[in-house]
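Participant: Just query03.cif, nothing more (mmCIF, C-alpha atoms and all ligand atoms):
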data_start
loop_
_atom_site.label_atom_id
_atom_site.label_comp_id
_atom_site.auth_asym_id
_atom_site.auth_seq_id
_atom_site.Cartn_x
_atom_site.Cartn_y
_atom_site.Cartn_z
CA MET A 639 -116.68 -132.26 95.14
CA VAL A 640 -117.86 -134.24 92.16
CA PHE A 641 -114.49 -135.37 90.80
CA ALA A 642 -110.93 -135.65 92.07
CA HIS A 643 -108.62 -132.74 91.42
CA ASP A 644 -106.72 -134.31 88.52
CA THR A 645 -109.95 -135.39 86.83
CA ARG A 646 -111.38 -131.88 87.13
CA ALA A 647 -108.18 -130.35 85.75
CA SER A 648 -108.20 -132.70 82.73
CA LEU A 649 -111.88 -132.08 82.01
CA ILE A 650 -111.47 -128.31 82.24
CA ALA A 651 -108.44 -128.48 79.93
CA ALA A 652 -110.30 -130.65 77.40
CA VAL A 653 -113.29 -128.31 77.27
CA ASP A 654 -111.07 -125.22 77.04
CA LEU A 655 -109.18 -126.88 74.21
CA VAL A 656 -112.36 -127.71 72.29
CA ASN A 657 -113.56 -124.14 72.81
CA THR A 658 -110.42 -122.64 71.24
CA ALA A 659 -111.78 -123.77 67.87
CA GLY A 660 -113.80 -120.62 67.33
CA ASP A 661 -113.64 -117.77 64.87
CA PRO A 662 -110.93 -116.56 65.26
CA ASP A 663 -109.17 -119.77 66.20
CA GLU A 664 -107.46 -119.27 69.57
CA LEU A 665 -104.88 -121.95 68.95
CA GLY A 666 -103.10 -120.74 65.84
CA SER A 667 -99.47 -120.70 66.91
CA LEU A 668 -96.86 -122.47 69.00
CA GLU A 669 -96.93 -119.45 71.31
CA GLU A 670 -100.66 -119.89 71.94
CA LEU A 671 -100.20 -123.63 72.48
CA ASN A 672 -97.46 -122.92 75.02
CA ALA A 673 -99.76 -120.49 76.85
CA PHE A 674 -102.46 -123.18 76.90
CA PHE A 675 -99.91 -125.70 78.21
CA ASP A 676 -98.88 -123.31 81.03
CA ASP A 677 -102.45 -122.25 81.91
CA HIS A 678 -103.48 -125.84 82.45
CA GLU A 679 -100.32 -126.79 84.32
CA TYR A 680 -99.49 -129.80 82.18
CA SER A 681 -96.59 -131.85 83.44
CA GLY A 682 -93.99 -133.33 81.08
CA SER A 683 -92.25 -131.69 78.17
CA PRO A 684 -93.77 -128.52 76.70
CA PRO A 685 -94.89 -128.38 73.04
CA GLN A 686 -91.89 -128.14 70.71
CA SER A 687 -92.98 -127.39 67.18
CA GLU A 688 -95.68 -126.51 64.69
CA ASP A 689 -96.29 -130.26 64.41
CA ASP A 690 -97.48 -130.19 68.01
CA VAL A 691 -99.80 -127.29 67.20
CA ALA A 692 -101.26 -129.19 64.22
CA ALA A 693 -101.65 -132.41 66.23
CA VAL A 694 -103.37 -130.70 69.19
CA ARG A 695 -105.67 -128.74 66.85
CA ALA A 696 -106.58 -131.98 65.10
CA LEU A 697 -107.63 -133.48 68.45
CA ARG A 698 -110.38 -130.94 69.00
CA PRO A 699 -113.16 -132.49 66.87
CA ARG A 700 -112.41 -135.86 68.45
CA LEU A 701 -112.62 -134.51 71.98
CA ARG A 702 -115.78 -132.59 71.13
CA GLU A 703 -117.37 -135.78 69.86
CA LEU A 704 -116.28 -137.66 72.98
CA ILE A 705 -117.73 -135.19 75.47
CA THR A 706 -120.97 -134.64 73.59
CA SER A 707 -121.64 -138.36 73.02
CA SER A 708 -124.03 -140.58 74.89
CA ARG A 709 -122.51 -142.49 77.77
CA ASP A 710 -122.30 -145.77 75.86
CA GLN A 711 -120.75 -144.14 72.79
CA ALA A 712 -118.23 -142.38 75.03
CA VAL A 713 -117.18 -145.76 76.46
CA GLU A 714 -116.23 -147.01 73.00
CA GLN A 715 -114.25 -143.88 72.24
CA VAL A 716 -112.41 -143.94 75.58
CA ASN A 717 -111.44 -147.59 75.11
CA THR A 718 -110.21 -146.89 71.58
CA MET A 719 -108.18 -143.88 72.70
CA LEU A 720 -106.50 -145.77 75.54
CA ARG A 721 -105.68 -148.74 73.31
CA GLU A 722 -104.40 -146.56 70.49
CA ALA A 723 -102.02 -144.67 72.81
CA ASP A 724 -100.81 -147.79 74.68
CA ALA A 725 -101.99 -146.21 77.92
CA LEU A 726 -100.47 -147.74 81.04
CA PRO A 727 -101.88 -146.43 84.35
CA GLN A 728 -99.25 -145.63 86.96
CA LEU A 729 -99.58 -143.87 90.30
CA VAL A 730 -97.37 -140.79 90.46
CA ARG A 731 -96.73 -137.96 92.90
CA HIS A 732 -95.31 -134.69 91.59
CA SER A 733 -95.41 -130.88 91.79
CA GLY A 734 -97.07 -130.96 95.20
CA TRP A 735 -99.94 -133.25 94.12
CA ASP A 736 -100.51 -136.39 96.13
CA TRP A 737 -100.75 -139.83 94.46
CA HIS A 738 -102.81 -139.74 91.29
CA LEU A 739 -102.95 -141.58 87.99
CA HIS A 740 -100.92 -140.89 84.88
CA ALA A 741 -101.27 -143.28 81.98
CA VAL A 742 -98.85 -141.93 79.44
CA ASP A 743 -95.12 -141.23 79.37
CA PRO A 744 -94.31 -137.54 80.04
CA ASP A 745 -92.04 -137.48 76.96
CA LYS A 746 -94.82 -138.48 74.55
CA PRO A 747 -96.06 -135.71 72.21
CA LEU A 748 -98.44 -133.27 73.88
CA ALA A 749 -101.38 -134.36 71.69
CA THR A 750 -100.99 -137.96 72.88
CA ARG A 751 -100.85 -136.83 76.51
CA VAL A 752 -103.94 -134.65 76.14
CA LEU A 753 -105.79 -137.53 74.47
CA VAL A 754 -104.91 -140.02 77.20
CA GLU A 755 -105.52 -137.60 80.08
CA THR A 756 -108.93 -136.74 78.69
CA ALA A 757 -109.78 -140.42 78.22
CA MET A 758 -108.66 -141.18 81.79
CA ALA A 759 -110.78 -138.34 83.17
CA MET A 760 -113.77 -139.53 81.14
CA ILE A 761 -113.49 -142.91 82.88
CA ASP A 762 -114.52 -141.15 86.10
CA VAL A 763 -117.33 -139.25 84.35
CA ILE A 764 -118.69 -142.44 82.80
CA ARG A 765 -118.41 -144.48 85.98
CA ALA A 766 -120.19 -141.78 87.98
CA ASP A 767 -122.81 -141.47 85.20
CA GLU A 768 -122.18 -137.71 85.00
CA MET A 769 -122.15 -137.09 81.22
CA SER A 770 -124.85 -134.47 81.85
CA ARG A 771 -122.12 -132.22 83.25
CA PHE A 772 -121.41 -131.34 79.61
CA SER A 773 -123.73 -129.27 77.46
CA THR A 774 -123.67 -126.80 74.59
CA CYS A 775 -123.65 -123.07 75.40
CA ALA A 776 -127.13 -121.63 75.96
CA ASP A 777 -126.30 -118.48 73.97
CA ASP A 778 -127.96 -118.63 70.53
CA GLY A 779 -125.47 -119.40 67.82
CA CYS A 780 -122.60 -120.32 70.14
CA THR A 781 -121.31 -123.86 69.78
CA GLY A 782 -119.02 -123.67 72.83
CA ILE A 783 -119.04 -126.55 75.29
CA VAL A 784 -120.08 -125.92 78.89
CA LEU A 785 -118.62 -128.00 81.71
CA ASP A 786 -120.75 -127.59 84.81
CA LEU A 787 -118.97 -128.81 87.94
CA SER A 788 -121.12 -126.71 90.27
CA ARG A 789 -123.18 -128.36 92.97
CA ASN A 790 -126.47 -126.83 91.83
CA ARG A 791 -125.75 -127.32 88.12
CA SER A 792 -126.38 -123.69 87.30
CA LYS A 793 -123.80 -123.11 84.58
CA ARG A 794 -125.33 -122.50 81.14
CA PHE A 795 -122.77 -120.48 79.19
CA CYS A 796 -119.32 -121.39 77.88
CA SER A 797 -117.86 -118.00 78.84
CA THR A 798 -118.61 -114.81 80.74
CA ALA A 799 -118.86 -113.05 77.35
CA CYS A 800 -121.67 -115.39 76.24
CA GLY A 801 -123.48 -114.97 79.59
CA ASN A 802 -123.30 -111.18 79.30
CA ARG A 803 -124.38 -111.15 75.65
CA HIS A 804 -127.37 -113.32 76.53
CA ALA A 805 -128.31 -111.11 79.52
CA GLN A 806 -128.15 -107.98 77.36
CA ALA A 807 -130.26 -109.56 74.64
CA SER A 808 -132.91 -110.64 77.18
CA PHE A 809 -132.87 -107.15 78.70
CA ARG A 810 -133.41 -105.52 75.30
CA ALA A 811 -136.21 -107.98 74.52
CA ARG A 812 -137.98 -107.11 77.78
CA GLN A 813 -137.59 -103.38 77.11
CA ALA A 814 -139.06 -103.81 73.64
CA GLU A 815 -142.04 -105.62 75.16
CA ASP A 816 -142.61 -102.91 77.75
CA SER A 817 -142.61 -100.03 75.27
ZN ZN B 1 -100.00 -135.33 87.42
ZN ZN B 2 -120.87 -119.58 74.40
#
Do you think you could lay out the structure here as structure tokens?
Ligand SMILES: [Zn+2]
Ligand SMILES: [Zn+2]

Facilitator:
Amino acid sequence: MVFAHDTRASLIAAVDLVNTAGDPDELGSLEELNAFFDDHEYSGSPPQSEDDVAAVRALRPRLRELITSSRDQAVEQVNTMLREADALPQLVRHSGWDWHLHAVDPDKPLATRVLVETAMAMIDVIRADEMSRFSTCADDGCTGIVLDLSRNRSKRFCSTACGNRHAQASFRARQAEDS
């Protein structure tokens, strides 16, 4: 396994969050933010208001920049994020997970927690020199982010839909060549 469980979970959540910023936007309401919160098994208090929705939506460009940066640029952003949020690493054990790091109070707004958890996870990515785990979707015109945690680094598409669309397009192109 490339990364510890909590690091993987935070990276997957960050990429899924960035990828909600499509057309249509998949994070338009408090209901959708709550579903996102549940899907990714965040601990701490759930999102409360439209302010949380706005704050989490506003994080997306920042997280996209962070995970698509060079390693050295990512270091600067991680350090800024941790400083800005007064992050304080503490070992915690909860919900069946053995000792792992949290660096932000569970009562802080969700956007702050997502920011700090992503920054903490990126520490592992940077230290392991694994920024290449992130890429942009190989489907033409899709700007989705791909997180490839597979051993053989075979993941190229941000979603099954993009993979299928690409396969169909290649199939049609081959048929056109044959005829
Ligand atoms: Zn935890
Ligand atoms: Zn895609």

Participant: Using only C-alpha atoms, which of A:Ala799, A:Leu697, A:Leu785, A:Val653 sits nearest A:Leu748?

Facilitator: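 Checking each candidate against A:Leu748, we get A:Leu697 as the closest.
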
Participant: Would you mind reading off the distance between atom ZN of ligand ZN 1 (chain B) and atom CA of A:Thr718, one decimal, in Å?

Facilitator: 22.1 Å

Participant: Within 8 Å of ligand ZN 1 (chain B), counting all atoms listed in the file, which protein or nucleic acid residues do you find, written as a CSV table (one decimal) with C-alpha atoms, in the coordinates of the input?

Facilitator:
chain,number,residue,atom,x,y,z
A,644,ASP,CA,-106.7,-134.3,88.5
A,680,TYR,CA,-99.5,-129.8,82.2
A,681,SER,CA,-96.6,-131.8,83.4
A,730,VAL,CA,-97.4,-140.8,90.5
A,731,ARG,CA,-96.7,-138.0,92.9
A,732,HIS,CA,-95.3,-134.7,91.6
A,733,SER,CA,-95.4,-130.9,91.8
A,735,TRP,CA,-99.9,-133.2,94.1
A,738,HIS,CA,-102.8,-139.7,91.3
A,739,LEU,CA,-103.0,-141.6,88.0
A,740,HIS,CA,-100.9,-140.9,84.9

Participant: Would you name the residues within 10 Å of ligand ZN 2 (chain B), counting only C-alpha atoms and all ligand atoms, and put them as a compact mmCIF listing (two decimals) with C-alpha atoms, in the coordinates of the input?

Facilitator:
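What follows is the written file selection.txt:
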# COMPACT_ATOMS: atom_id res chain seq x y z
CA ASN A 657 -113.56 -124.14 72.81
CA THR A 774 -123.67 -126.80 74.59
CA CYS A 775 -123.65 -123.07 75.40
CA ALA A 776 -127.13 -121.63 75.96
CA ASP A 777 -126.30 -118.48 73.97
CA ASP A 778 -127.96 -118.63 70.53
CA GLY A 779 -125.47 -119.40 67.82
CA CYS A 780 -122.60 -120.32 70.14
CA THR A 781 -121.31 -123.86 69.78
CA GLY A 782 -119.02 -123.67 72.83
CA ILE A 783 -119.04 -126.55 75.29
CA VAL A 784 -120.08 -125.92 78.89
CA ARG A 794 -125.33 -122.50 81.14
CA PHE A 795 -122.77 -120.48 79.19
CA CYS A 796 -119.32 -121.39 77.88
CA SER A 797 -117.86 -118.00 78.84
CA THR A 798 -118.61 -114.81 80.74
CA ALA A 799 -118.86 -113.05 77.35
CA CYS A 800 -121.67 -115.39 76.24
CA GLY A 801 -123.48 -114.97 79.59
CA ARG A 803 -124.38 -111.15 75.65
CA HIS A 804 -127.37 -113.32 76.53

Participant: Find, counting all atoms listed in the file, the residue in A:Ala659, A:Leu787, A:Ala712, A:Val640 that gets nearest to A:Ile761.

Facilitator: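 Smallest distance to A:Ile761 is found for A:Ala712.
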
Participant: Residues within 12 Å of (-98.4, -129.6, 64.1), file coordinates, counting all atoms listed in the file: what are they? Give the list as a VMD selection string.

Facilitator: chain A and resid 665 to 668 671 685 to 697 747 to 749

Participant: Could you check the closest approach to A:Ala652 for each of A:Val716, A:Arg702, A:Ser817, A:Arg709 and tell me which residue wins, using only C-alpha atoms?

Facilitator: A:Arg702

Participant: What does the structure give for the distance between atom CA of A:Trp737 and atom CA of A:His643, in Å to one decimal?

Facilitator: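 These two atoms are separated by 11.0 Å.
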
Participant: Quote the spacing between atom CA of A:Gln715 and atom CA of A:Gln728 in Å to one decimal place.

Facilitator: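 So the answer is 21.1 Å.
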
Participant: Do you know which residues are at most 9 Å from A:Ala723 counting only C-alpha atoms, after dropping those on the same chain fewer than 3 positions away, and could you put them as number ranges by chain?

Facilitator: A: 718-720, 726, 742, 750-751, 753-754

Participant: With C-alpha atoms retained, could you export that selection as a CSV table (one decimal), in the coordinates of the input?

Facilitator:
chain,number,residue,atom,x,y,z
A,718,THR,CA,-110.2,-146.9,71.6
A,719,MET,CA,-108.2,-143.9,72.7
A,720,LEU,CA,-106.5,-145.8,75.5
A,726,LEU,CA,-100.5,-147.7,81.0
A,742,VAL,CA,-98.8,-141.9,79.4
A,750,THR,CA,-101.0,-138.0,72.9
A,751,ARG,CA,-100.8,-136.8,76.5
A,753,LEU,CA,-105.8,-137.5,74.5
A,754,VAL,CA,-104.9,-140.0,77.2

Participant: Taking all atoms listed in the file into account, name the residue in A:Leu729, A:Asp745, A:Asn802, A:Asn717 that is nearest to A:Ser683.

Facilitator: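 Ranking A:Leu729, A:Asp745, A:Asn802, A:Asn717 by distance to A:Ser683, first place goes to A:Asp745.
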
Participant: Rank A:Glu669, A:Asp663, A:Glu815, A:Asp736 by their smallest atom-to-atom distance to A:Pro684, using all atoms listed in the file, and report the top residue only.

Facilitator: A:Glu669

Participant: Please, which residues are within 12 Å of (-102.1, -125.0, 82.2) by the file's coordinates, counting all atoms listed in the file, and could they come as a PDB file with C-alpha atoms, in the coordinates of the input?

Facilitator:
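The resulting file, out10.pdb, is reproduced below:
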ATOM      1  CA  ALA A 647    -108.180-130.350  85.750  1.00  0.00           C
ATOM      2  CA  SER A 648    -108.200-132.700  82.730  1.00  0.00           C
ATOM      3  CA  ILE A 650    -111.470-128.310  82.240  1.00  0.00           C
ATOM      4  CA  ALA A 651    -108.440-128.480  79.930  1.00  0.00           C
ATOM      5  CA  ALA A 652    -110.300-130.650  77.400  1.00  0.00           C
ATOM      6  CA  ASP A 654    -111.070-125.220  77.040  1.00  0.00           C
ATOM      7  CA  LEU A 655    -109.180-126.880  74.210  1.00  0.00           C
ATOM      8  CA  GLU A 670    -100.660-119.890  71.940  1.00  0.00           C
ATOM      9  CA  LEU A 671    -100.200-123.630  72.480  1.00  0.00           C
ATOM     10  CA  ASN A 672     -97.460-122.920  75.020  1.00  0.00           C
ATOM     11  CA  ALA A 673     -99.760-120.490  76.850  1.00  0.00           C
ATOM     12  CA  PHE A 674    -102.460-123.180  76.900  1.00  0.00           C
ATOM     13  CA  PHE A 675     -99.910-125.700  78.210  1.00  0.00           C
ATOM     14  CA  ASP A 676     -98.880-123.310  81.030  1.00  0.00           C
ATOM     15  CA  ASP A 677    -102.450-122.250  81.910  1.00  0.00           C
ATOM     16  CA  HIS A 678    -103.480-125.840  82.450  1.00  0.00           C
ATOM     17  CA  GLU A 679    -100.320-126.790  84.320  1.00  0.00           C
ATOM     18  CA  TYR A 680     -99.490-129.800  82.180  1.00  0.00           C
ATOM     19  CA  SER A 681     -96.590-131.850  83.440  1.00  0.00           C
ATOM     20  CA  GLY A 682     -93.990-133.330  81.080  1.00  0.00           C
ATOM     21  CA  PRO A 684     -93.770-128.520  76.700  1.00  0.00           C
ATOM     22  CA  VAL A 752    -103.940-134.650  76.140  1.00  0.00           C
TER      23      VAL A 752
END
